[in-house]
>>> print(open('my_file-v4.csv').read())   # CSV, C-alpha atoms and all ligand atoms
chain,number,residue,atom,x,y,z
A,53,GLU,CA,-5.1,2.2,-27.4
A,54,GLU,CA,-8.9,1.8,-27.2
A,55,THR,CA,-8.7,-2.0,-27.4
A,56,GLY,CA,-6.1,-2.0,-24.6
A,57,LYS,CA,-8.6,-0.4,-22.4
A,58,GLY,CA,-11.0,-3.3,-22.9
A,59,GLY,CA,-14.1,-1.1,-23.0
A,60,TYR,CA,-13.1,1.0,-20.0
A,61,ASP,CA,-12.8,4.8,-20.3
A,62,HIS,CA,-9.4,4.7,-18.6
A,63,TYR,CA,-6.6,2.3,-17.9
A,64,MET,CA,-6.8,3.3,-14.3
A,65,LEU,CA,-10.4,2.0,-13.9
A,66,LYS,CA,-9.5,-1.2,-15.8
A,67,GLU,CA,-6.5,-1.7,-13.6
A,68,ILE,CA,-8.5,-1.1,-10.4
A,69,GLU,CA,-11.1,-3.6,-11.5
A,70,SER,CA,-8.5,-6.2,-12.5
A,71,GLN,CA,-7.2,-6.5,-9.0
A,72,PRO,CA,-9.1,-9.8,-8.2
A,73,GLU,CA,-7.2,-11.4,-11.0
A,74,SER,CA,-3.8,-9.7,-10.5
A,75,LEU,CA,-3.9,-10.5,-6.8
A,76,SER,CA,-4.8,-14.1,-7.5
A,77,ASN,CA,-1.6,-14.3,-9.6
A,78,THR,CA,0.4,-12.7,-6.8
A,79,ILE,CA,-0.8,-15.4,-4.4
A,80,ARG,CA,-0.9,-18.4,-6.7
A,81,GLY,CA,1.1,-21.4,-5.5
A,82,ARG,CA,2.6,-19.3,-2.6
A,83,ILE,CA,0.3,-20.1,0.3
A,84,ASP,CA,-0.9,-23.3,1.8
A,85,PRO,CA,-3.4,-22.6,4.7
A,86,ASP,CA,-3.5,-26.3,5.5
A,87,GLU,CA,0.2,-26.8,6.3
A,88,PRO,CA,0.0,-23.8,7.1
A,89,ALA,CA,3.0,-22.3,5.1
A,90,VAL,CA,4.2,-19.7,2.7
A,91,HIS,CA,6.2,-21.0,-0.2
A,92,LEU,CA,8.3,-18.5,-2.2
A,93,GLU,CA,10.0,-19.8,-5.3
A,94,ASP,CA,13.8,-19.3,-5.1
A,95,PHE,CA,13.6,-18.9,-1.3
A,96,PRO,CA,13.9,-22.3,0.4
A,97,ARG,CA,13.0,-22.8,4.0
A,98,GLY,CA,15.7,-21.4,6.3
A,99,CYS,CA,17.2,-19.0,3.7
A,100,PHE,CA,16.4,-16.0,6.0
A,101,GLU,CA,17.9,-17.5,9.2
A,102,ASP,CA,20.9,-15.2,9.1
A,103,VAL,CA,18.9,-12.0,8.8
A,104,THR,CA,19.0,-9.8,11.8
A,105,GLU,CA,17.4,-6.7,10.4
A,106,VAL,CA,15.4,-5.6,7.3
A,107,HIS,CA,15.7,-2.2,5.5
A,108,PHE,CA,13.2,-1.3,2.9
A,109,VAL,CA,14.1,1.4,0.3
A,110,ALA,CA,11.5,2.7,-2.2
A,111,CYS,CA,9.8,5.8,-3.7
A,112,GLY,CA,6.2,7.0,-4.1
A,113,THR,CA,3.5,4.4,-3.9
A,114,SER,CA,6.1,1.7,-3.5
A,115,TYR,CA,7.3,3.4,-0.3
A,116,HIS,CA,3.8,3.2,1.1
A,117,ALA,CA,3.8,-0.6,0.4
A,118,ALA,CA,7.2,-0.8,2.1
A,119,LEU,CA,5.8,1.0,5.1
A,120,TYR,CA,3.1,-1.6,5.3
A,121,GLY,CA,5.6,-4.4,5.2
A,122,ALA,CA,7.8,-2.6,7.8
A,123,ARG,CA,4.9,-2.2,10.2
A,124,LEU,CA,4.0,-5.9,9.9
A,125,LEU,CA,7.6,-6.8,10.8
A,126,GLU,CA,7.8,-4.3,13.6
A,127,GLU,CA,4.7,-5.9,15.2
A,128,ALA,CA,6.5,-9.3,14.8
A,129,ASN,CA,9.5,-7.9,16.8
A,130,VAL,CA,11.9,-7.9,13.7
A,131,SER,CA,14.3,-5.0,13.5
A,132,VAL,CA,13.2,-3.0,10.5
A,133,ARG,CA,13.2,0.4,8.9
A,134,ALA,CA,11.9,1.8,5.7
A,135,SER,CA,13.6,4.7,3.9
A,136,ARG,CA,12.6,6.8,1.0
A,137,ALA,CA,15.2,5.8,-1.5
A,138,SER,CA,16.1,9.4,-2.2
A,139,GLU,CA,16.9,9.9,1.5
A,140,PHE,CA,18.8,6.7,2.1
A,141,SER,CA,22.2,7.6,3.6
A,142,GLY,CA,23.9,4.5,2.4
A,143,ARG,CA,24.9,3.6,6.0
A,144,ILE,CA,24.3,0.1,7.1
A,145,PRO,CA,25.8,-0.5,10.6
A,146,ASN,CA,25.5,-4.3,10.4
A,147,PRO,CA,25.8,-5.3,6.8
A,148,ASP,CA,26.3,-9.0,7.5
A,149,GLY,CA,22.8,-9.4,9.0
A,150,THR,CA,20.9,-6.7,7.0
A,151,LEU,CA,18.6,-7.6,4.2
A,152,VAL,CA,18.0,-4.5,2.1
A,153,VAL,CA,14.7,-4.7,0.1
A,154,PRO,CA,14.2,-2.3,-2.7
A,155,VAL,CA,10.5,-2.2,-3.6
A,156,THR,CA,9.8,-0.9,-7.1
A,157,GLN,CA,7.1,-1.5,-9.6
A,158,SER,CA,9.2,-0.7,-12.7
A,159,GLY,CA,12.6,-1.8,-11.4
A,160,GLU,CA,14.0,1.3,-13.1
A,161,THR,CA,13.5,4.2,-10.6
A,162,ALA,CA,16.8,6.0,-10.4
A,163,ASP,CA,16.6,6.8,-6.6
A,164,THR,CA,15.8,3.2,-5.8
A,165,LEU,CA,18.6,2.0,-8.0
A,166,GLY,CA,21.0,4.4,-6.3
A,167,ALA,CA,20.0,3.0,-2.9
A,168,LEU,CA,20.4,-0.6,-4.1
A,169,ARG,CA,23.9,0.1,-5.4
A,170,ALA,CA,24.8,1.8,-2.1
A,171,ALA,CA,23.5,-1.1,-0.1
A,172,ARG,CA,25.5,-3.6,-2.2
A,173,GLU,CA,28.6,-1.4,-1.8
A,174,ALA,CA,28.1,-1.5,1.9
A,175,GLY,CA,28.1,-5.3,1.7
A,176,ALA,CA,24.4,-6.0,2.6
A,177,ARG,CA,22.3,-8.8,1.0
A,178,THR,CA,19.8,-7.3,-1.4
A,179,LEU,CA,16.4,-8.7,-2.4
A,180,ALA,CA,14.3,-6.7,-4.9
A,181,VAL,CA,10.5,-6.8,-4.9
A,182,THR,CA,9.4,-5.7,-8.3
A,183,ASN,CA,6.9,-6.2,-11.1
A,184,VAL,CA,9.1,-6.1,-14.2
A,185,ILE,CA,11.1,-9.2,-15.1
A,186,GLY,CA,14.6,-8.3,-16.3
A,187,SER,CA,14.5,-4.7,-15.1
A,188,THR,CA,17.7,-3.1,-14.0
A,189,ILE,CA,16.9,-3.5,-10.3
A,190,ALA,CA,15.9,-7.1,-10.8
A,191,ARG,CA,19.2,-7.7,-12.5
A,192,GLU,CA,21.4,-5.9,-10.1
A,193,ALA,CA,19.9,-7.2,-6.8
A,194,ASP,CA,21.2,-10.4,-5.3
A,195,GLU,CA,17.7,-12.0,-5.3
A,196,VAL,CA,14.3,-11.1,-6.7
A,197,LEU,CA,10.7,-11.7,-5.6
A,198,TYR,CA,8.2,-10.8,-8.3
A,199,ILE,CA,4.8,-9.3,-7.5
A,200,ARG,CA,3.2,-10.7,-10.7
A,201,ALA,CA,0.7,-7.9,-11.2
A,202,GLY,CA,1.0,-7.9,-15.0
A,203,PRO,CA,1.7,-4.7,-17.0
A,204,GLU,CA,0.3,-1.4,-15.6
A,205,ILE,CA,-0.3,1.4,-18.0
A,206,GLY,CA,-2.0,4.1,-15.9
A,207,VAL,CA,0.7,6.4,-14.4
A,208,ALA,CA,-1.0,6.2,-11.0
A,209,ALA,CA,-0.1,2.8,-9.5
A,210,THR,CA,-3.2,0.8,-8.4
A,211,LYS,CA,-3.1,-2.9,-8.9
A,212,THR,CA,0.7,-2.9,-8.4
A,213,PHE,CA,0.4,-1.4,-5.0
A,214,SER,CA,-2.0,-4.2,-3.9
A,215,SER,CA,0.3,-6.8,-5.3
A,216,GLN,CA,3.3,-5.2,-3.7
A,217,VAL,CA,1.6,-5.2,-0.3
A,218,VAL,CA,0.6,-8.8,-0.6
A,219,THR,CA,4.0,-9.9,-1.7
A,220,LEU,CA,5.5,-8.0,1.3
A,221,VAL,CA,2.9,-9.7,3.5
A,222,LEU,CA,4.2,-13.1,2.3
A,223,LEU,CA,7.8,-12.1,2.7
A,224,ALA,CA,7.1,-10.8,6.2
A,225,GLU,CA,5.5,-14.2,7.0
A,226,ARG,CA,8.6,-16.0,6.0
A,227,LEU,CA,10.9,-13.6,7.9
A,228,ARG,CA,8.9,-13.7,11.1
A,229,GLU,CA,9.2,-17.5,10.9
A,230,GLU,CA,12.9,-17.5,10.4
A,231,VAL,CA,14.5,-14.4,11.9
A,232,GLU,CA,15.8,-15.1,15.5
A,233,GLY,CA,13.7,-13.5,18.1
A,234,ALA,CA,10.7,-12.8,15.8
A,235,ILE,CA,7.2,-13.5,17.1
A,236,ALA,CA,5.5,-16.2,15.0
A,237,ARG,CA,1.9,-15.7,14.1
A,238,GLU,CA,-0.5,-17.6,16.4
A,239,ASP,CA,-3.4,-17.5,14.0
A,240,ARG,CA,-1.4,-18.5,10.9
A,241,ARG,CA,-4.0,-20.8,9.4
A,242,GLU,CA,-6.8,-18.2,9.7
A,243,PHE,CA,-4.5,-15.5,8.4
A,244,LEU,CA,-3.6,-17.5,5.2
A,245,GLU,CA,-7.2,-18.5,4.7
A,246,ALA,CA,-8.1,-14.8,4.9
A,247,LEU,CA,-5.4,-14.1,2.3
A,248,SER,CA,-6.7,-16.8,0.0
A,249,VAL,CA,-10.2,-15.2,-0.2
A,250,LEU,CA,-9.0,-11.7,-0.5
A,251,PRO,CA,-9.3,-11.5,-4.3
A,252,ASP,CA,-13.0,-12.5,-4.0
A,253,GLN,CA,-13.5,-9.8,-1.3
A,254,ILE,CA,-11.9,-7.2,-3.6
A,255,GLU,CA,-14.4,-8.3,-6.2
A,256,GLU,CA,-17.2,-7.6,-3.7
A,257,VAL,CA,-15.8,-4.1,-3.0
A,258,ILE,CA,-15.7,-3.5,-6.8
A,259,ARG,CA,-19.3,-4.6,-7.1
A,260,THR,CA,-20.7,-2.7,-4.2
A,261,SER,CA,-18.6,0.4,-3.8
A,262,ARG,CA,-20.5,3.7,-3.2
A,263,ALA,CA,-17.4,5.7,-4.0
A,264,GLU,CA,-18.8,7.3,-7.2
A,265,ALA,CA,-21.8,8.8,-5.3
A,266,LEU,CA,-19.5,10.0,-2.5
A,267,SER,CA,-17.2,11.7,-5.0
A,268,GLU,CA,-20.1,13.7,-6.3
A,269,LYS,CA,-21.1,14.7,-2.7
A,270,TYR,CA,-17.6,15.7,-1.7
A,271,ASP,CA,-16.7,17.5,-5.0
A,272,ASP,CA,-15.0,20.9,-4.7
A,273,ARG,CA,-14.0,20.9,-1.0
A,274,GLY,CA,-10.5,22.4,-1.5
A,275,ALA,CA,-8.7,19.9,0.8
A,276,TYR,CA,-9.0,16.2,1.6
A,277,PHE,CA,-7.5,14.4,4.5
A,278,PHE,CA,-6.9,10.7,5.0
A,279,ILE,CA,-6.1,9.2,8.4
A,280,GLY,CA,-5.2,5.8,9.8
A,281,HIS,CA,-3.3,4.2,12.6
A,282,ALA,CA,-0.7,1.3,12.4
A,283,LEU,CA,-1.2,-0.6,9.2
A,284,GLN,CA,-3.9,1.9,8.1
A,285,HIS,CA,-1.4,4.7,8.2
A,286,PRO,CA,0.5,3.8,5.0
A,287,VAL,CA,-2.9,3.2,3.4
A,288,ALA,CA,-3.9,6.7,4.4
A,289,LEU,CA,-0.7,8.1,2.9
A,290,GLU,CA,-1.3,6.1,-0.3
A,291,GLY,CA,-5.0,7.3,-0.5
A,292,ALA,CA,-3.8,10.9,-0.3
A,293,LEU,CA,-1.0,10.5,-2.8
A,294,LYS,CA,-3.3,8.9,-5.4
A,295,PHE,CA,-5.9,11.6,-4.8
A,296,LYS,CA,-3.4,14.5,-5.4
A,297,GLU,CA,-1.8,12.7,-8.4
A,298,ILE,CA,-4.9,12.4,-10.4
A,299,THR,CA,-7.4,15.0,-9.1
A,300,TYR,CA,-4.8,17.9,-8.6
A,301,GLU,CA,-6.7,18.7,-5.4
A,302,HIS,CA,-4.9,19.2,-2.1
A,303,ALA,CA,-4.8,16.0,-0.2
A,304,GLU,CA,-2.7,14.8,2.8
A,305,GLY,CA,-2.5,11.6,4.7
A,306,PHE,CA,-1.7,11.6,8.4
A,307,ALA,CA,-1.3,9.1,11.3
A,308,SER,CA,-4.6,9.4,13.2
A,309,GLY,CA,-2.9,10.4,16.4
A,310,GLU,CA,-0.9,13.2,14.7
A,311,LEU,CA,-4.0,15.1,13.5
A,312,LYS,CA,-4.2,17.0,16.8
A,313,HIS,CA,-0.5,17.9,16.6
A,314,GLY,CA,-0.9,20.5,13.8
A,315,PRO,CA,-3.0,19.4,10.8
A,316,LEU,CA,-6.2,20.1,12.8
A,317,ALA,CA,-5.5,23.8,12.2
A,318,LEU,CA,-6.4,23.1,8.5
A,319,VAL,CA,-9.8,21.6,9.3
A,320,THR,CA,-12.7,23.9,8.4
A,321,PRO,CA,-16.4,23.1,8.1
A,322,GLY,CA,-16.9,20.6,5.3
A,323,THR,CA,-13.4,19.3,5.1
A,324,PRO,CA,-13.7,15.6,4.2
A,325,ILE,CA,-11.6,13.2,6.3
A,326,PHE,CA,-11.4,9.6,5.1
A,327,ALA,CA,-10.9,7.6,8.4
A,328,LEU,CA,-9.6,4.1,8.0
A,329,PHE,CA,-10.5,1.5,10.6
A,330,ASP,CA,-9.1,-2.0,10.9
A,331,GLY,CA,-11.2,-3.4,13.8
A,332,LYS,CA,-8.1,-3.8,16.0
A,333,HIS,CA,-6.5,-0.3,16.5
A,334,ASP,CA,-9.7,1.8,16.1
A,335,GLU,CA,-9.5,3.9,19.3
A,336,LYS,CA,-7.0,6.5,18.1
A,337,THR,CA,-8.7,6.9,14.8
A,338,HIS,CA,-12.1,7.2,16.4
A,339,THR,CA,-11.0,9.8,19.0
A,340,ASN,CA,-9.1,12.0,16.5
A,341,ALA,CA,-11.8,11.8,13.8
A,342,LYS,CA,-14.4,12.9,16.4
A,343,GLU,CA,-12.2,15.7,17.4
A,344,ALA,CA,-12.1,16.9,13.8
A,345,GLN,CA,-15.8,16.3,13.4
A,346,ALA,CA,-16.5,18.6,16.3
A,347,ARG,CA,-14.7,21.3,14.3
A,348,GLY,CA,-16.8,20.8,11.3
A,349,ALA,CA,-15.0,18.1,9.4
A,350,GLU,CA,-17.2,15.5,7.6
A,351,ILE,CA,-16.0,12.0,8.3
A,352,VAL,CA,-16.1,9.2,5.8
A,353,ALA,CA,-15.4,5.9,7.7
A,354,VAL,CA,-13.9,3.1,5.7
A,355,THR,CA,-14.7,0.1,7.8
A,356,SER,CA,-16.4,-3.3,7.9
A,357,SER,CA,-18.2,-2.5,11.2
A,358,GLU,CA,-21.5,-0.7,11.3
A,359,ARG,CA,-21.0,0.1,14.9
A,360,THR,CA,-17.6,1.8,14.2
A,361,ALA,CA,-19.2,3.7,11.4
A,362,SER,CA,-22.2,5.0,13.4
A,363,PHE,CA,-20.6,8.3,14.3
A,364,ALA,CA,-19.5,9.0,10.7
A,365,ASP,CA,-21.2,11.2,8.1
A,366,ASP,CA,-20.7,8.6,5.4
A,367,VAL,CA,-19.4,5.1,5.1
A,368,LEU,CA,-17.4,3.1,2.5
A,369,ALA,CA,-18.1,-0.4,3.6
A,370,ILE,CA,-15.6,-3.2,3.2
A,371,PRO,CA,-16.0,-7.0,3.9
A,372,ASP,CA,-14.7,-8.5,7.1
A,373,THR,CA,-11.2,-9.9,7.0
A,374,HIS,CA,-8.1,-10.4,9.1
A,375,PRO,CA,-7.0,-7.0,10.7
A,376,ASP,CA,-3.6,-7.3,8.9
A,377,LEU,CA,-5.4,-7.4,5.5
A,378,VAL,CA,-8.0,-4.7,6.0
A,379,GLY,CA,-5.9,-2.0,4.3
A,380,LEU,CA,-6.0,-3.8,1.0
A,381,LEU,CA,-9.7,-3.6,0.9
A,382,ALA,CA,-9.9,-0.1,2.2
A,383,ASN,CA,-7.3,1.0,-0.4
A,384,VAL,CA,-9.6,-0.2,-3.3
A,385,GLN,CA,-12.3,2.1,-2.0
A,386,LEU,CA,-9.9,5.0,-1.9
A,387,GLN,CA,-8.7,4.2,-5.4
A,388,PHE,CA,-12.3,4.5,-6.6
A,389,VAL,CA,-12.7,7.8,-4.7
A,390,SER,CA,-9.7,9.3,-6.5
A,391,TYR,CA,-10.7,7.9,-9.8
A,392,TYR,CA,-14.3,9.2,-9.7
A,393,THR,CA,-13.3,12.6,-8.3
A,394,ALA,CA,-10.7,13.1,-11.1
A,395,ARG,CA,-13.3,12.0,-13.7
A,396,LEU,CA,-15.8,14.5,-12.3
A,397,LEU,CA,-13.1,17.2,-12.6
A,398,GLY,CA,-12.3,16.2,-16.2
A,399,ARG,CA,-8.6,15.4,-15.4
A,400,PRO,CA,-6.5,13.3,-17.9
A,401,ILE,CA,-6.6,10.4,-15.5
A,402,ASP,CA,-4.1,8.0,-17.1
A,403,LYS,CA,-1.4,10.7,-17.7
A,404,PRO,CA,-1.4,13.3,-15.0
A,405,ARG,CA,0.5,16.5,-15.7
A,406,ASN,CA,4.2,16.6,-14.7
A,407,LEU,CA,4.3,12.9,-13.7
A,408,ALA,CA,6.0,9.9,-15.3
A,409,LYS,CA,5.3,6.2,-14.7
A,410,SER,CA,8.9,5.6,-14.0
A,411,VAL,CA,11.4,8.3,-13.0
A,412,THR,CA,14.9,7.4,-14.3
A,413,VAL,CA,16.7,10.6,-13.1
A,414,GLU,CA,17.7,11.4,-9.5
B,501,LIG,C1,7.0,7.6,-10.1
B,501,LIG,C2,5.5,7.2,-10.3
B,501,LIG,C3,4.9,6.7,-9.0
B,501,LIG,C4,5.7,5.6,-8.4
B,501,LIG,C5,7.1,6.0,-8.2
B,501,LIG,C6,8.0,4.8,-7.9
B,501,LIG,O1,7.1,8.7,-9.3
B,501,LIG,O2,4.8,8.3,-10.8
B,501,LIG,O3,3.6,6.3,-9.3
B,501,LIG,O4,5.1,5.1,-7.2
B,501,LIG,O5,7.7,6.5,-9.4
B,501,LIG,O6,8.0,3.9,-9.0
B,501,LIG,P1,8.5,2.4,-8.9
B,501,LIG,O7,8.5,1.9,-10.3
B,501,LIG,O8,9.9,2.4,-8.3
B,501,LIG,O9,7.6,1.7,-8.0
>>> encode(input="my_file-v4.csv", output="structure tokens")
Amino acid sequence: EETGKGGYDHYMLKEIESQPESLSNTIRGRIDPDEPAVHLEDFPRGCFEDVTEVHFVACGTSYHAALYGARLLEEANVSVRASRASEFSGRIPNPDGTLVVPVTQSGETADTLGALRAAREAGARTLAVTNVIGSTIAREADEVLYIRAGPEIGVAATKTFSSQVVTLVLLAERLREEVEGAIAREDRREFLEALSVLPDQIEEVIRTSRAEALSEKYDDRGAYFFIGHALQHPVALEGALKFKEITYEHAEGFASGELKHGPLALVTPGTPIFALFDGKHDEKTHTNAKEAQARGAEIVAVTSSERTASFADDVLAIPDTHPDLVGLLANVQLQFVSYYTARLLGRPIDKPRNLAKSVTVE
């Protein structure tokens, strides 16, 4: 086991730090900024022309990746929804035009498999996004798009979340090109260029992250909140899920604008709030974070902008990228925060109590 960790104390840290490589694999051969185009093996140009709506089904971390993909499609004017697989009703009003996309690292999650089977039963086209070749869901779906993250041993998903998000970003690009009525991306070339340098930027986050020092400062606060708007919302949810999974501390993720509609009652002096900014939709996060700060919360801004961060108590800096990709860099910072906090607390990071890597019962 020690050799598998390659000198790291935990698989989780190894997997966080292997993201420049795993993401390069996810992207390899799939984008051409010069054309500019996205090429997905097994999915020839035009193969999504009959799609009228997209329905993601997934659990846990994979559900957060699905929410990211759904938000991108929503902004491109594609009809889309994302369901927790365990809550999927099985109803698909327009099966001819609906593409059901189960998102699952393992390809074995029982809830997701159940949703896939219900979707097939209803007559929808199904396209699985997964990491594991030959998994049950890969075999049962009509089509498969692999995320190519390589094996992940830590129970808490890290590199596979990033690869799922990037794979869904690529799928969303193809869909917005081909689905009738969708809005094409005007800055396609710049966007694909930004995507191609993302692995290097993740390397930079790994090299420069101050998350370890911050974890020491914010140790023992009792509750931790994560907020974000638009594409940063699923990243906030994922940051909180990771945090609770491995630190056993209470953590919640909220849409920035929802903070004032209830959760604010939980804020006491010293409550840390990790606020995610993407440089495009910052107003809501800024206003709501300030509101919480006025009630004693300490704000950790995750941002590439010094100006945005100026009101915050602390900053986790990320490199500048396209607004639609910021969440991938912010998420790496949050992975480190969870990891270092759990380490400080002496938790069994790679195998948290009560959790399994893959849950094969409903
Ligand atoms: C379990 C794991 C989670 C994971 C979820 C979905 O609950 O502990 O980390 O996100 O299953 O797994 P999947 O393999 O379908 O992505």
>>> closest_residue(input="my_file-v4.csv", among="A:Thr393, A:Gln253, A:Ser410, A:Thr337", to="His281 in chain A", atoms="all atoms listed in the file")
A:Thr337
>>> residues_near_ligand(input="my_file-v4.csv", ligand="ligand LIG 501 (chain B)", cutoff="8 Å", atoms="only C-alpha atoms and all ligand atoms", output="number ranges by chain")
A: 110-115, 155-161, 164, 182, 207-209, 407-411
>>> atom_distance(input="my_file-v4.csv", atom1="CA of Ala349 in chain A", atom2="CA of Asp365 in chain A")
9.4 Å
>>> residues_around(input="my_file-v4.csv", residues="Thr355 in chain A", least_positions_apart="4", cutoff="9 Å", atoms="only C-alpha atoms", output="list in words")
Ala327, Leu328, Phe329, Asp330, Gly331, Thr360, Ala361, Val367, Leu368, Ala369, Ile370, Pro371, Asp372, Val378 and Ala382 of chain A
>>> atom_distance(input="my_file-v4.csv", atom1="CA of Tyr60 in chain A", atom2="CA of Phe388 in chain A")
13.9 Å
>>> residues_around(input="my_file-v4.csv", residues="Arg347 in chain A", least_positions_apart="6", cutoff="10 Å", atoms="all atoms listed in the file", output="list in words")
Leu316, Ala317, Val319, Thr320, Pro321, Gly322, Thr323 and Ala341 of chain A
>>> atom_distance(input="my_file-v4.csv", atom1="CA of Ile235 in chain A", atom2="CA of Leu223 in chain A")
14.5 Å
>>> closest_residue(input="my_file-v4.csv", among="A:Ala288, A:Leu283, A:Val152, A:Ala307", to="Val221 in chain A", atoms="only C-alpha atoms")
A:Leu283
>>> closest_atom_pairs(input="my_file-v4.csv", of="range 191-253 of chain A", to="range 127-146 of chain A", cutoff="7 Å", atoms="all atoms listed in the file", output="CSV")
residue,atom,partner,partner_atom,distance
A:Arg228,CA,A:Ala128,CA,6.2
A:Ala234,CA,A:Asn129,CA,5.1
A:Ile235,CA,A:Ala128,CA,4.8
A:Ala236,CA,A:Ala128,CA,7.0
>>> residues_around(input="my_file-v4.csv", residues="Arg97 in chain A", least_positions_apart="3", cutoff="12 Å", atoms="only C-alpha atoms", output="PyMOL selection string")
chain A and resi 89-94+100-101+223+225-227+229-231
>>> closest_residue(input="my_file-v4.csv", among="A:Thr219, A:Ser308, A:Asn383, A:Asn183", to="Ile279 in chain A", atoms="all atoms listed in the file")
A:Ser308
>>> residues_near_point(input="my_file-v4.csv", point="(-1.9, -10.2, -0.4)", cutoff="12 Å", atoms="only C-alpha atoms", output="ChimeraX atom specification")
/A:71-80,82-83,90,117,120-121,199-201,211-225,243-254,373-374,376-381
>>> residues_near_point(input="my_file-v4.csv", point="(-14.3, -4.8, -14.6)", cutoff="12 Å", atoms="only C-alpha atoms", output="VMD selection string")
chain A and resid 57 to 73 254 to 259
>>> residues_around(input="my_file-v4.csv", residues="Lys269 in chain A", least_positions_apart="4", cutoff="12 Å", atoms="all atoms listed in the file", output="list of chain:residue names")
A:Arg262, A:Ala263, A:Glu264, A:Ala265, A:Arg273, A:Gly322, A:Thr323, A:Pro324, A:Glu350, A:Val352, A:Asp365, A:Asp366, A:Val389, A:Tyr392, A:Thr393, A:Leu396
>>> closest_residue(input="my_file-v4.csv", among="A:Asp402, A:Leu168, A:Leu318, A:Gly291", to="Gly348 in chain A", atoms="all atoms listed in the file")
A:Leu318
